[in-house]
>>> print(open('entry_20.txt').read())   # compact mmCIF, C-alpha atoms
# COMPACT_ATOMS: atom_id res chain seq x y z
CA MET A 1457 106.36 78.81 111.69
CA SER A 1458 104.20 81.24 113.67
CA ASN A 1459 106.58 81.10 116.64
CA PHE A 1460 109.51 81.82 114.31
CA ILE A 1461 107.72 84.83 112.79
CA LEU A 1462 106.80 86.28 116.20
CA ALA A 1463 110.29 85.69 117.59
CA ASN A 1464 111.92 87.41 114.63
CA GLU A 1465 109.29 90.10 113.98
CA PRO A 1466 111.63 93.14 113.97
CA ALA A 1467 114.11 91.48 111.61
CA ILE A 1468 111.33 90.30 109.27
CA ARG A 1469 109.81 93.78 109.12
CA ILE A 1470 113.16 95.46 108.41
CA LEU A 1471 114.18 92.87 105.82
CA GLY A 1472 110.81 93.12 104.08
CA PHE A 1473 110.93 96.92 104.06
CA VAL A 1474 114.48 97.20 102.70
CA SER A 1475 113.90 94.47 100.10
CA VAL A 1476 110.68 95.91 98.68
CA LEU A 1477 111.99 99.50 98.77
CA SER A 1478 115.14 98.46 96.88
CA LEU A 1479 113.26 96.38 94.32
CA MET A 1480 110.74 99.14 93.65
CA ALA A 1481 113.46 101.79 93.33
CA LEU A 1482 115.26 99.58 90.79
CA TRP A 1483 112.01 98.87 88.93
CA GLU A 1484 111.35 102.62 88.71
CA ILE A 1485 114.70 103.09 86.99
CA LEU A 1486 114.20 100.20 84.55
CA ALA A 1487 110.51 100.81 83.68
CA THR A 1488 109.39 104.33 84.56
CA ARG A 1489 105.67 105.08 84.24
CA ARG A 1490 105.75 108.90 84.35
CA PRO A 1491 108.69 111.21 83.64
CA GLN A 1492 109.60 113.21 86.73
CA THR A 1493 110.52 116.89 86.59
CA LEU A 1494 111.85 116.99 90.14
CA LYS A 1495 115.08 115.18 90.93
CA ARG A 1496 115.13 112.61 93.71
CA LEU A 1497 117.59 114.77 95.62
CA ALA A 1498 114.85 117.38 96.05
CA ARG A 1499 112.29 114.92 97.41
CA TRP A 1500 113.88 111.81 98.85
CA PRO A 1501 115.70 113.40 101.84
CA GLY A 1502 112.39 114.68 103.21
CA ASN A 1503 110.43 111.52 102.39
CA LEU A 1504 113.07 109.18 103.85
CA GLY A 1505 113.70 111.48 106.81
CA ILE A 1506 110.04 111.47 107.76
CA VAL A 1507 109.89 107.66 107.90
CA VAL A 1508 112.86 107.65 110.31
CA LEU A 1509 111.01 110.10 112.57
CA ASP A 1510 107.82 108.03 112.28
CA THR A 1511 109.62 104.87 113.34
CA LEU A 1512 111.27 106.56 116.32
CA ALA A 1513 107.98 108.12 117.43
CA VAL A 1514 106.10 104.81 117.32
CA ARG A 1515 108.85 102.92 119.16
CA LEU A 1516 109.03 105.64 121.80
CA LEU A 1517 105.29 106.00 122.52
CA PHE A 1518 104.12 102.48 121.61
CA PRO A 1519 107.09 100.17 122.37
CA LEU A 1520 105.14 96.96 121.71
CA ALA A 1521 102.73 98.56 119.21
CA ALA A 1522 99.90 96.50 117.68
CA VAL A 1523 101.65 93.16 118.19
CA GLY A 1524 101.89 93.84 121.91
CA ALA A 1525 98.19 94.76 121.98
CA ALA A 1526 97.35 91.46 120.26
CA ILE A 1527 99.37 89.43 122.77
CA TYR A 1528 97.80 91.27 125.71
CA ALA A 1529 94.28 90.78 124.33
CA SER A 1530 94.94 87.06 123.76
CA GLU A 1531 96.26 86.58 127.31
CA HIS A 1532 93.10 88.16 128.73
CA GLY A 1533 90.67 86.58 126.28
CA TRP A 1534 89.57 89.92 124.88
CA GLY A 1535 88.09 90.44 121.44
CA LEU A 1536 85.53 88.75 119.23
CA LEU A 1537 87.88 86.20 117.70
CA ASN A 1538 88.96 85.05 121.16
CA LEU A 1539 85.33 84.19 121.98
CA VAL A 1540 84.79 81.73 119.14
CA SER A 1541 86.46 78.48 118.20
CA MET A 1542 87.78 78.13 114.65
CA PRO A 1543 90.93 76.88 112.93
CA GLY A 1544 93.93 79.10 113.51
CA TRP A 1545 94.47 79.89 109.84
CA VAL A 1546 90.84 81.04 109.49
CA THR A 1547 91.27 83.38 112.46
CA VAL A 1548 94.44 84.82 110.93
CA VAL A 1549 92.82 85.41 107.53
CA LEU A 1550 89.69 86.98 109.06
CA ALA A 1551 91.77 89.26 111.26
CA ILE A 1552 93.88 90.43 108.31
CA LEU A 1553 90.76 91.21 106.26
CA VAL A 1554 89.09 93.12 109.10
CA LEU A 1555 92.26 95.12 109.78
CA ASP A 1556 92.51 96.00 106.10
CA LEU A 1557 88.86 97.08 106.06
CA ALA A 1558 89.51 99.24 109.13
CA ILE A 1559 92.42 100.94 107.35
CA TYR A 1560 90.16 101.63 104.36
CA PHE A 1561 87.55 103.40 106.51
CA GLN A 1562 90.21 105.19 108.50
CA HIS A 1563 91.60 106.53 105.24
CA ARG A 1564 88.17 107.80 104.19
CA ILE A 1565 87.66 109.49 107.55
CA PHE A 1566 91.06 111.18 107.30
CA HIS A 1567 89.84 112.72 104.05
CA ALA A 1568 86.43 113.70 105.41
CA VAL A 1569 87.28 115.34 108.77
CA PRO A 1570 89.07 118.69 108.30
CA TRP A 1571 91.57 118.42 111.17
CA LEU A 1572 92.44 114.85 110.19
CA TRP A 1573 92.88 115.95 106.59
CA ARG A 1574 95.41 118.56 107.78
CA LEU A 1575 97.51 115.66 109.08
CA HIS A 1576 96.96 113.43 106.08
CA ARG A 1577 97.41 116.03 103.34
CA MET A 1578 101.19 115.91 103.82
CA HIS A 1579 101.07 112.49 102.16
CA HIS A 1580 99.22 114.01 99.19
CA ALA A 1581 101.40 117.11 98.89
CA ASP A 1582 104.29 115.25 97.27
CA LEU A 1583 104.87 116.77 93.83
CA GLU A 1584 105.83 113.46 92.29
CA PHE A 1585 104.57 109.91 92.80
CA ASP A 1586 107.10 107.19 93.49
CA VAL A 1587 107.99 104.53 96.04
CA THR A 1588 109.05 107.08 98.68
CA THR A 1589 105.60 108.69 98.56
CA GLY A 1590 104.39 105.51 100.24
CA LEU A 1591 106.53 106.40 103.27
CA ARG A 1592 105.48 110.03 103.52
CA PHE A 1593 103.10 110.29 106.50
CA HIS A 1594 103.21 112.90 109.26
CA PRO A 1595 104.35 111.51 112.64
CA PHE A 1596 101.10 112.69 114.27
CA GLU A 1597 99.11 110.73 111.68
CA ILE A 1598 101.27 107.66 112.21
CA LEU A 1599 100.79 107.80 115.98
CA LEU A 1600 97.04 108.28 115.67
CA SER A 1601 96.86 105.47 113.13
CA MET A 1602 98.75 103.17 115.48
CA ALA A 1603 96.36 103.99 118.33
CA ILE A 1604 93.38 103.19 116.08
CA LYS A 1605 95.01 99.98 114.89
CA MET A 1606 95.69 98.85 118.46
CA ALA A 1607 92.07 99.52 119.39
CA VAL A 1608 90.83 97.47 116.42
CA VAL A 1609 93.25 94.65 117.30
CA VAL A 1610 91.89 94.47 120.85
CA VAL A 1611 88.22 94.71 119.80
CA ILE A 1612 88.43 91.91 117.24
CA GLY A 1613 90.97 89.85 119.21
CA ALA A 1614 93.40 89.62 116.30
CA PRO A 1615 96.14 86.99 116.78
CA ALA A 1616 99.66 88.39 117.05
CA LEU A 1617 100.67 86.41 113.94
CA ALA A 1618 97.89 88.08 111.93
CA VAL A 1619 99.05 91.52 113.07
CA VAL A 1620 102.65 90.86 112.03
CA VAL A 1621 101.60 89.49 108.63
CA PHE A 1622 99.18 92.36 108.10
CA GLU A 1623 101.73 95.05 108.92
CA VAL A 1624 104.37 93.48 106.66
CA LEU A 1625 101.84 93.20 103.82
CA LEU A 1626 100.53 96.73 104.37
CA ASN A 1627 104.03 98.17 104.28
CA ALA A 1628 104.98 96.17 101.18
CA THR A 1629 101.79 97.00 99.26
CA SER A 1630 102.12 100.70 100.14
CA LEU A 1631 105.60 100.74 98.62
CA PHE A 1632 104.35 98.79 95.60
CA ASN A 1633 101.23 100.79 94.81
CA HIS A 1634 103.09 104.10 95.09
CA GLY A 1635 105.72 102.96 92.63
CA ASN A 1636 106.37 104.99 89.49
CA VAL A 1637 106.52 101.76 87.54
CA ARG A 1638 105.11 100.64 84.23
CA LEU A 1639 102.92 97.55 83.93
CA PRO A 1640 101.37 96.23 80.72
CA GLN A 1641 97.71 97.33 80.63
CA ARG A 1642 96.47 93.77 80.43
CA VAL A 1643 98.53 92.77 83.49
CA ASP A 1644 97.33 95.82 85.41
CA ARG A 1645 93.70 95.10 84.51
CA TRP A 1646 93.86 91.58 85.90
CA LEU A 1647 96.16 92.34 88.84
CA ARG A 1648 93.91 95.09 90.19
CA LEU A 1649 91.24 92.46 90.81
CA LEU A 1650 93.46 91.22 93.65
CA LEU A 1651 95.82 94.08 94.54
CA VAL A 1652 95.85 97.85 94.44
CA THR A 1653 98.16 98.57 91.52
CA PRO A 1654 100.26 101.73 91.04
CA ASP A 1655 97.97 102.93 88.23
CA MET A 1656 94.93 102.44 90.44
CA HIS A 1657 96.38 104.25 93.45
CA ARG A 1658 97.95 107.05 91.41
CA VAL A 1659 94.42 108.31 90.71
CA HIS A 1660 94.08 108.92 94.44
CA HIS A 1661 97.02 111.35 94.31
CA SER A 1662 95.48 113.52 91.63
CA ALA A 1663 95.18 117.27 92.27
CA ILE A 1664 91.50 116.99 91.22
CA GLN A 1665 89.55 116.45 94.42
CA ARG A 1666 86.95 114.04 93.09
CA GLU A 1667 89.85 111.81 92.05
CA THR A 1668 91.68 112.32 95.33
CA ASP A 1669 88.53 111.14 97.07
CA SER A 1670 88.57 107.74 95.39
CA ASN A 1671 90.62 104.52 95.49
CA PHE A 1672 91.24 104.62 99.25
CA GLY A 1673 92.43 101.02 99.55
CA PHE A 1674 96.08 100.28 100.27
CA SER A 1675 96.28 96.53 99.85
CA VAL A 1676 93.20 95.12 98.11
CA PRO A 1677 90.78 96.87 95.73
CA TRP A 1678 87.65 95.12 96.99
CA TRP A 1679 86.59 97.75 99.52
CA ASP A 1680 86.62 100.54 96.93
CA ARG A 1681 84.54 98.46 94.55
CA LEU A 1682 82.16 97.35 97.31
CA PHE A 1683 81.61 100.81 98.81
CA GLY A 1684 81.48 102.80 95.57
CA THR A 1685 84.80 104.67 95.78
CA TYR A 1686 86.53 102.95 92.89
CA ARG A 1687 87.70 105.04 89.93
CA ALA A 1688 89.42 103.20 87.09
CA GLN A 1689 91.45 106.00 85.48
CA PRO A 1690 92.22 109.72 85.91
CA GLU A 1691 90.29 111.90 83.48
CA LYS A 1692 93.49 113.47 82.06
CA GLY A 1693 95.35 110.18 81.81
CA HIS A 1694 98.32 109.05 83.85
CA LEU A 1695 100.78 111.12 81.85
CA GLY A 1696 98.62 114.24 81.80
CA MET A 1697 97.34 114.28 85.38
CA THR A 1698 98.76 116.63 88.01
CA ILE A 1699 100.04 115.06 91.23
CA GLY A 1700 99.77 116.81 94.59
CA ILE A 1701 97.86 119.66 96.22
CA GLU A 1702 97.44 123.12 94.76
CA ASP A 1703 98.51 124.86 97.99
CA PHE A 1704 101.93 123.18 98.16
CA ARG A 1705 103.67 123.41 94.79
CA SER A 1706 107.20 124.65 95.57
CA GLU A 1707 110.38 122.67 96.21
CA HIS A 1708 110.65 124.52 99.52
CA ASP A 1709 107.55 122.62 100.69
CA LEU A 1710 109.42 119.32 100.17
CA ARG A 1711 111.95 120.00 102.93
CA LEU A 1712 111.69 117.91 106.09
CA ASP A 1713 111.08 120.90 108.35
CA GLN A 1714 108.26 122.09 106.08
CA LEU A 1715 106.69 118.63 106.09
CA LEU A 1716 106.59 118.65 109.88
CA ILE A 1717 104.88 122.05 110.17
CA GLN A 1718 102.52 121.55 107.23
CA PRO A 1719 99.46 120.52 109.31
CA PHE A 1720 99.66 123.86 111.12
CA ARG A 1721 99.69 125.94 107.95
CA HIS A 1722 96.35 127.45 106.95
CA THR A 1723 95.10 126.48 103.49
CA GLU A 1724 91.82 125.75 101.74
CA ARG A 1725 88.84 124.19 103.47
CA ARG A 1726 87.73 120.90 102.00
CA PRO A 1727 84.02 120.06 101.74
CA LYS A 1728 83.35 117.14 104.03
CA SER A 1729 80.55 115.41 102.18
CA ILE A 1730 82.20 114.50 98.90
CA VAL A 1731 84.08 111.45 100.14
CA TRP A 1732 80.87 109.77 101.22
CA LYS A 1733 79.35 110.01 97.76
CA ASN A 1734 79.88 107.30 95.20
CA SER A 1735 82.72 108.06 92.81
CA GLU A 1736 82.22 107.83 89.08
CA ARG A 1737 83.11 104.41 87.82
>>> encode(input="entry_20.txt", output="structure tokens")
Amino acid sequence: MSNFILANEPAIRILGFVSVLSLMALWEILATRRPQTLKRLARWPGNLGIVVLDTLAVRLLFPLAAVGAAIYASEHGWGLLNLVSMPGWVTVVLAILVLDLAIYFQHRIFHAVPWLWRLHRMHHADLEFDVTTGLRFHPFEILLSMAIKMAVVVVIGAPALAVVVFEVLLNATSLFNHGNVRLPQRVDRWLRLLLVTPDMHRVHHSAIQRETDSNFGFSVPWWDRLFGTYRAQPEKGHLGMTIGIEDFRSEHDLRLDQLLIQPFRHTERRPKSIVWKNSER
């Protein structure tokens, strides 16, 4: 099975991406959580265009990406997991958990460091919250994130299979938890013990900074609960909350060219300490 996954990694990633994106887009039509004032035609070209540029940039600068780093580390015996003997499935699970924890802390750092926030804020500047928001990351952030991920892969000695599974899961959960979809409250309450749900992650996209600086997890909610950054609900409710950033509120800011130059536009300075304080529970 592992050999099949590694041999067909590109096809599996593309199939997973298209399938989850399509299912979430359909779900948003059938069970919408929040009414949207902006039409998809105003937002989706920029959001979908940016993911195409991200993919091209990663393939150009990191042809083998994190999977290649994992194979190279394994061949040379690098990394902590390559120094200990344990069942293969345990190694895979441990590697996935450590990679997810690394993404959590990376996300917090991107909120805390001003020049990193300038890259990351493009993701938060979307004026609506739906499945395409989960694709909206500046190419510079994507490239830096890939470099960090490759470094973590080498340090821990993550198996190539774990990297493939992690990246497929991360992509799928990002599309899921950015979905403008409605879940019964009881289902959401139980599901967010295992996964970051759309209602949980939507709080993170609030225009109120103390809410933006909470719920950093992409896949699992455990890190937010463990490190005190979990916030259950937005103070104005999911229907009353404002999505986005105060400095970027026009449809003009949603264009692809404006997304690309956004990190270089001067706006407010964010205080750096708030993300390291415990959020209200």
>>> closest_residue(input="entry_20.txt", among="A:Phe1460, A:Tyr1686, A:Phe1585, A:Trp1500", to="Leu1710 of chain A", atoms="all atoms listed in the file")
A:Trp1500
>>> residues_around(input="entry_20.txt", residues="segment 1712-1720 of chain A", least_positions_apart="3", cutoff="7 Å", atoms="only C-alpha atoms", output="compact mmCIF listing (two decimals) with C-alpha atoms, in the coordinates of the input")
# COMPACT_ATOMS: atom_id res chain seq x y z
CA GLY A 1502 112.39 114.68 103.21
CA GLY A 1505 113.70 111.48 106.81
CA ILE A 1506 110.04 111.47 107.76
CA ARG A 1574 95.41 118.56 107.78
CA LEU A 1575 97.51 115.66 109.08
CA MET A 1578 101.19 115.91 103.82
CA HIS A 1594 103.21 112.90 109.26
CA ASP A 1709 107.55 122.62 100.69
>>> atom_distance(input="entry_20.txt", atom1="atom CA of Val1523 of chain A", atom2="atom CA of Ala1463 of chain A")
11.4 Å
>>> residues_near_point(input="entry_20.txt", point="(93.3, 103.3, 88.4)", cutoff="7 Å", atoms="only C-alpha atoms", output="ChimeraX atom specification")
/A:1655-1659,1687-1690
>>> write_last_selection(input="entry_20.txt", atoms="C-alpha atoms", output="PDB file, keeping the file's coordinate frame")
ATOM      1  CA  ASP A1655      97.970 102.930  88.230  1.00  0.00           C
ATOM      2  CA  MET A1656      94.930 102.440  90.440  1.00  0.00           C
ATOM      3  CA  HIS A1657      96.380 104.250  93.450  1.00  0.00           C
ATOM      4  CA  ARG A1658      97.950 107.050  91.410  1.00  0.00           C
ATOM      5  CA  VAL A1659      94.420 108.310  90.710  1.00  0.00           C
ATOM      6  CA  ARG A1687      87.700 105.040  89.930  1.00  0.00           C
ATOM      7  CA  ALA A1688      89.420 103.200  87.090  1.00  0.00           C
ATOM      8  CA  GLN A1689      91.450 106.000  85.480  1.00  0.00           C
ATOM      9  CA  PRO A1690      92.220 109.720  85.910  1.00  0.00           C
TER      10      PRO A1690
END
>>> residues_around(input="entry_20.txt", residues="Gly1673 of chain A", least_positions_apart="5", cutoff="9 Å", atoms="only C-alpha atoms", output="ChimeraX atom specification")
/A:1556-1557,1559-1561,1563,1652,1657,1678-1680
>>> closest_residue(input="entry_20.txt", among="A:Met1542, A:Leu1583, A:Leu1631, A:Ala1526", to="His1708 of chain A", atoms="all atoms listed in the file")
A:Leu1583
>>> closest_residue(input="entry_20.txt", among="A:Pro1654, A:Thr1668, A:Thr1547, A:Leu1649", to="Arg1681 of chain A", atoms="only C-alpha atoms")
A:Leu1649
>>> residues_around(input="entry_20.txt", residues="Gly1700 of chain A", least_positions_apart="6", cutoff="10 Å", atoms="all atoms listed in the file", output="list in words")
Arg1577, Met1578, His1579, His1580, Ala1581, Asp1582, Leu1583, Glu1584, Phe1585, His1660, His1661, Ser1662, Ala1663, Ile1664 and Thr1668 of chain A
>>> atom_distance(input="entry_20.txt", atom1="atom CA of Leu1539 of chain A", atom2="atom CA of Val1609 of chain A")
13.9 Å
>>> residues_around(input="entry_20.txt", residues="Asp1586 of chain A", least_positions_apart="3", cutoff="12 Å", atoms="only C-alpha atoms", output="short mmCIF file (atom, residue, chain, number, x, y, z; two decimals) with C-alpha atoms, keeping the file's coordinate frame")
data_model
loop_
_atom_site.label_atom_id
_atom_site.label_comp_id
_atom_site.auth_asym_id
_atom_site.auth_seq_id
_atom_site.Cartn_x
_atom_site.Cartn_y
_atom_site.Cartn_z
CA LEU A 1477 111.99 99.50 98.77
CA MET A 1480 110.74 99.14 93.65
CA ALA A 1481 113.46 101.79 93.33
CA LEU A 1482 115.26 99.58 90.79
CA TRP A 1483 112.01 98.87 88.93
CA GLU A 1484 111.35 102.62 88.71
CA ILE A 1485 114.70 103.09 86.99
CA THR A 1488 109.39 104.33 84.56
CA ARG A 1489 105.67 105.08 84.24
CA ARG A 1490 105.75 108.90 84.35
CA PRO A 1491 108.69 111.21 83.64
CA GLN A 1492 109.60 113.21 86.73
CA LEU A 1494 111.85 116.99 90.14
CA LYS A 1495 115.08 115.18 90.93
CA ARG A 1496 115.13 112.61 93.71
CA ARG A 1499 112.29 114.92 97.41
CA TRP A 1500 113.88 111.81 98.85
CA ASN A 1503 110.43 111.52 102.39
CA HIS A 1579 101.07 112.49 102.16
CA HIS A 1580 99.22 114.01 99.19
CA ASP A 1582 104.29 115.25 97.27
CA LEU A 1583 104.87 116.77 93.83
CA THR A 1589 105.60 108.69 98.56
CA GLY A 1590 104.39 105.51 100.24
CA LEU A 1591 106.53 106.40 103.27
CA ARG A 1592 105.48 110.03 103.52
CA SER A 1630 102.12 100.70 100.14
CA LEU A 1631 105.60 100.74 98.62
CA PHE A 1632 104.35 98.79 95.60
CA ASN A 1633 101.23 100.79 94.81
CA HIS A 1634 103.09 104.10 95.09
CA GLY A 1635 105.72 102.96 92.63
CA ASN A 1636 106.37 104.99 89.49
CA VAL A 1637 106.52 101.76 87.54
CA ARG A 1638 105.11 100.64 84.23
CA PRO A 1654 100.26 101.73 91.04
CA ASP A 1655 97.97 102.93 88.23
CA HIS A 1657 96.38 104.25 93.45
CA ARG A 1658 97.95 107.05 91.41
CA HIS A 1661 97.02 111.35 94.31
CA ILE A 1699 100.04 115.06 91.23
#
>>> closest_residue(input="entry_20.txt", among="A:Pro1595, A:Pro1570, A:Pro1615, A:Pro1519", to="Ala1551 of chain A", atoms="all atoms listed in the file")
A:Pro1615
>>> closest_residue(input="entry_20.txt", among="A:Ile1552, A:Ser1706, A:Ile1565, A:Ala1628", to="Ser1475 of chain A", atoms="all atoms listed in the file")
A:Ala1628
>>> residues_near_point(input="entry_20.txt", point="(87.9, 107.3, 98.5)", cutoff="6 Å", atoms="all atoms listed in the file", output="number ranges by chain")
A: 1564, 1669-1672, 1685, 1731
>>> closest_residue(input="entry_20.txt", among="A:Glu1531, A:Glu1465, A:Glu1702, A:Glu1691", to="Ala1614 of chain A", atoms="all atoms listed in the file")
A:Glu1531
>>> atom_distance(input="entry_20.txt", atom1="atom CA of His1576 of chain A", atom2="atom CA of Leu1479 of chain A")
26.4 Å
>>> residues_around(input="entry_20.txt", residues="Ala1513 of chain A", least_positions_apart="6", cutoff="9 Å", atoms="only C-alpha atoms", output="PDB file with C-alpha atoms, in the coordinates of the input")
ATOM      1  CA  PRO A1595     104.350 111.510 112.640  1.00  0.00           C
ATOM      2  CA  PHE A1596     101.100 112.690 114.270  1.00  0.00           C
ATOM      3  CA  ILE A1598     101.270 107.660 112.210  1.00  0.00           C
ATOM      4  CA  LEU A1599     100.790 107.800 115.980  1.00  0.00           C
TER       5      LEU A1599
END
>>> build_atoms(input="entry_20.txt", residues="segment 1695-1709 of chain A", atoms="N, CA, C and O atoms", output="short mmCIF file (atom, residue, chain, number, x, y, z; two decimals), keeping the file's coordinate frame")
data_model
loop_
_atom_site.label_atom_id
_atom_site.label_comp_id
_atom_site.auth_asym_id
_atom_site.auth_seq_id
_atom_site.Cartn_x
_atom_site.Cartn_y
_atom_site.Cartn_z
N LEU A 1695 99.69 110.23 82.24
CA LEU A 1695 100.78 111.12 81.85
C LEU A 1695 100.38 112.58 81.90
O LEU A 1695 101.24 113.45 82.05
N GLY A 1696 99.09 112.86 81.80
CA GLY A 1696 98.62 114.24 81.80
C GLY A 1696 98.14 114.75 83.14
O GLY A 1696 97.99 115.97 83.32
N MET A 1697 97.88 113.87 84.08
CA MET A 1697 97.34 114.28 85.38
C MET A 1697 98.38 115.05 86.19
O MET A 1697 99.58 114.89 86.01
N THR A 1698 97.90 115.89 87.10
CA THR A 1698 98.76 116.63 88.01
C THR A 1698 98.74 115.96 89.38
O THR A 1698 97.66 115.68 89.92
N ILE A 1699 99.91 115.69 89.92
CA ILE A 1699 100.04 115.06 91.23
C ILE A 1699 100.15 116.15 92.30
O ILE A 1699 100.80 117.17 92.09
N GLY A 1700 99.54 115.92 93.45
CA GLY A 1700 99.77 116.81 94.59
C GLY A 1700 98.58 117.65 94.98
O GLY A 1700 97.43 117.35 94.64
N ILE A 1701 98.86 118.73 95.71
CA ILE A 1701 97.86 119.66 96.22
C ILE A 1701 98.20 121.05 95.74
O ILE A 1701 99.37 121.44 95.74
N GLU A 1702 97.20 121.80 95.34
CA GLU A 1702 97.44 123.12 94.76
C GLU A 1702 98.14 124.08 95.72
O GLU A 1702 98.88 124.96 95.30
N ASP A 1703 97.94 123.92 97.02
CA ASP A 1703 98.51 124.86 97.99
C ASP A 1703 100.00 124.63 98.27
O ASP A 1703 100.64 125.47 98.91
N PHE A 1704 100.53 123.50 97.86
CA PHE A 1704 101.93 123.18 98.16
C PHE A 1704 102.61 122.74 96.87
O PHE A 1704 102.69 121.55 96.57
N ARG A 1705 103.13 123.71 96.11
CA ARG A 1705 103.67 123.41 94.79
C ARG A 1705 105.14 123.78 94.65
O ARG A 1705 105.69 123.67 93.57
N SER A 1706 105.80 124.23 95.70
CA SER A 1706 107.20 124.65 95.57
C SER A 1706 108.14 123.59 96.14
O SER A 1706 107.75 122.80 97.02
N GLU A 1707 109.39 123.60 95.68
CA GLU A 1707 110.38 122.67 96.21
C GLU A 1707 110.65 122.93 97.68
O GLU A 1707 111.03 122.02 98.42
N HIS A 1708 110.46 124.18 98.11
CA HIS A 1708 110.65 124.52 99.52
C HIS A 1708 109.72 123.69 100.40
O HIS A 1708 110.09 123.30 101.53
N ASP A 1709 108.52 123.39 99.91
CA ASP A 1709 107.55 122.62 100.69
C ASP A 1709 107.95 121.15 100.85
O ASP A 1709 107.33 120.43 101.63
#
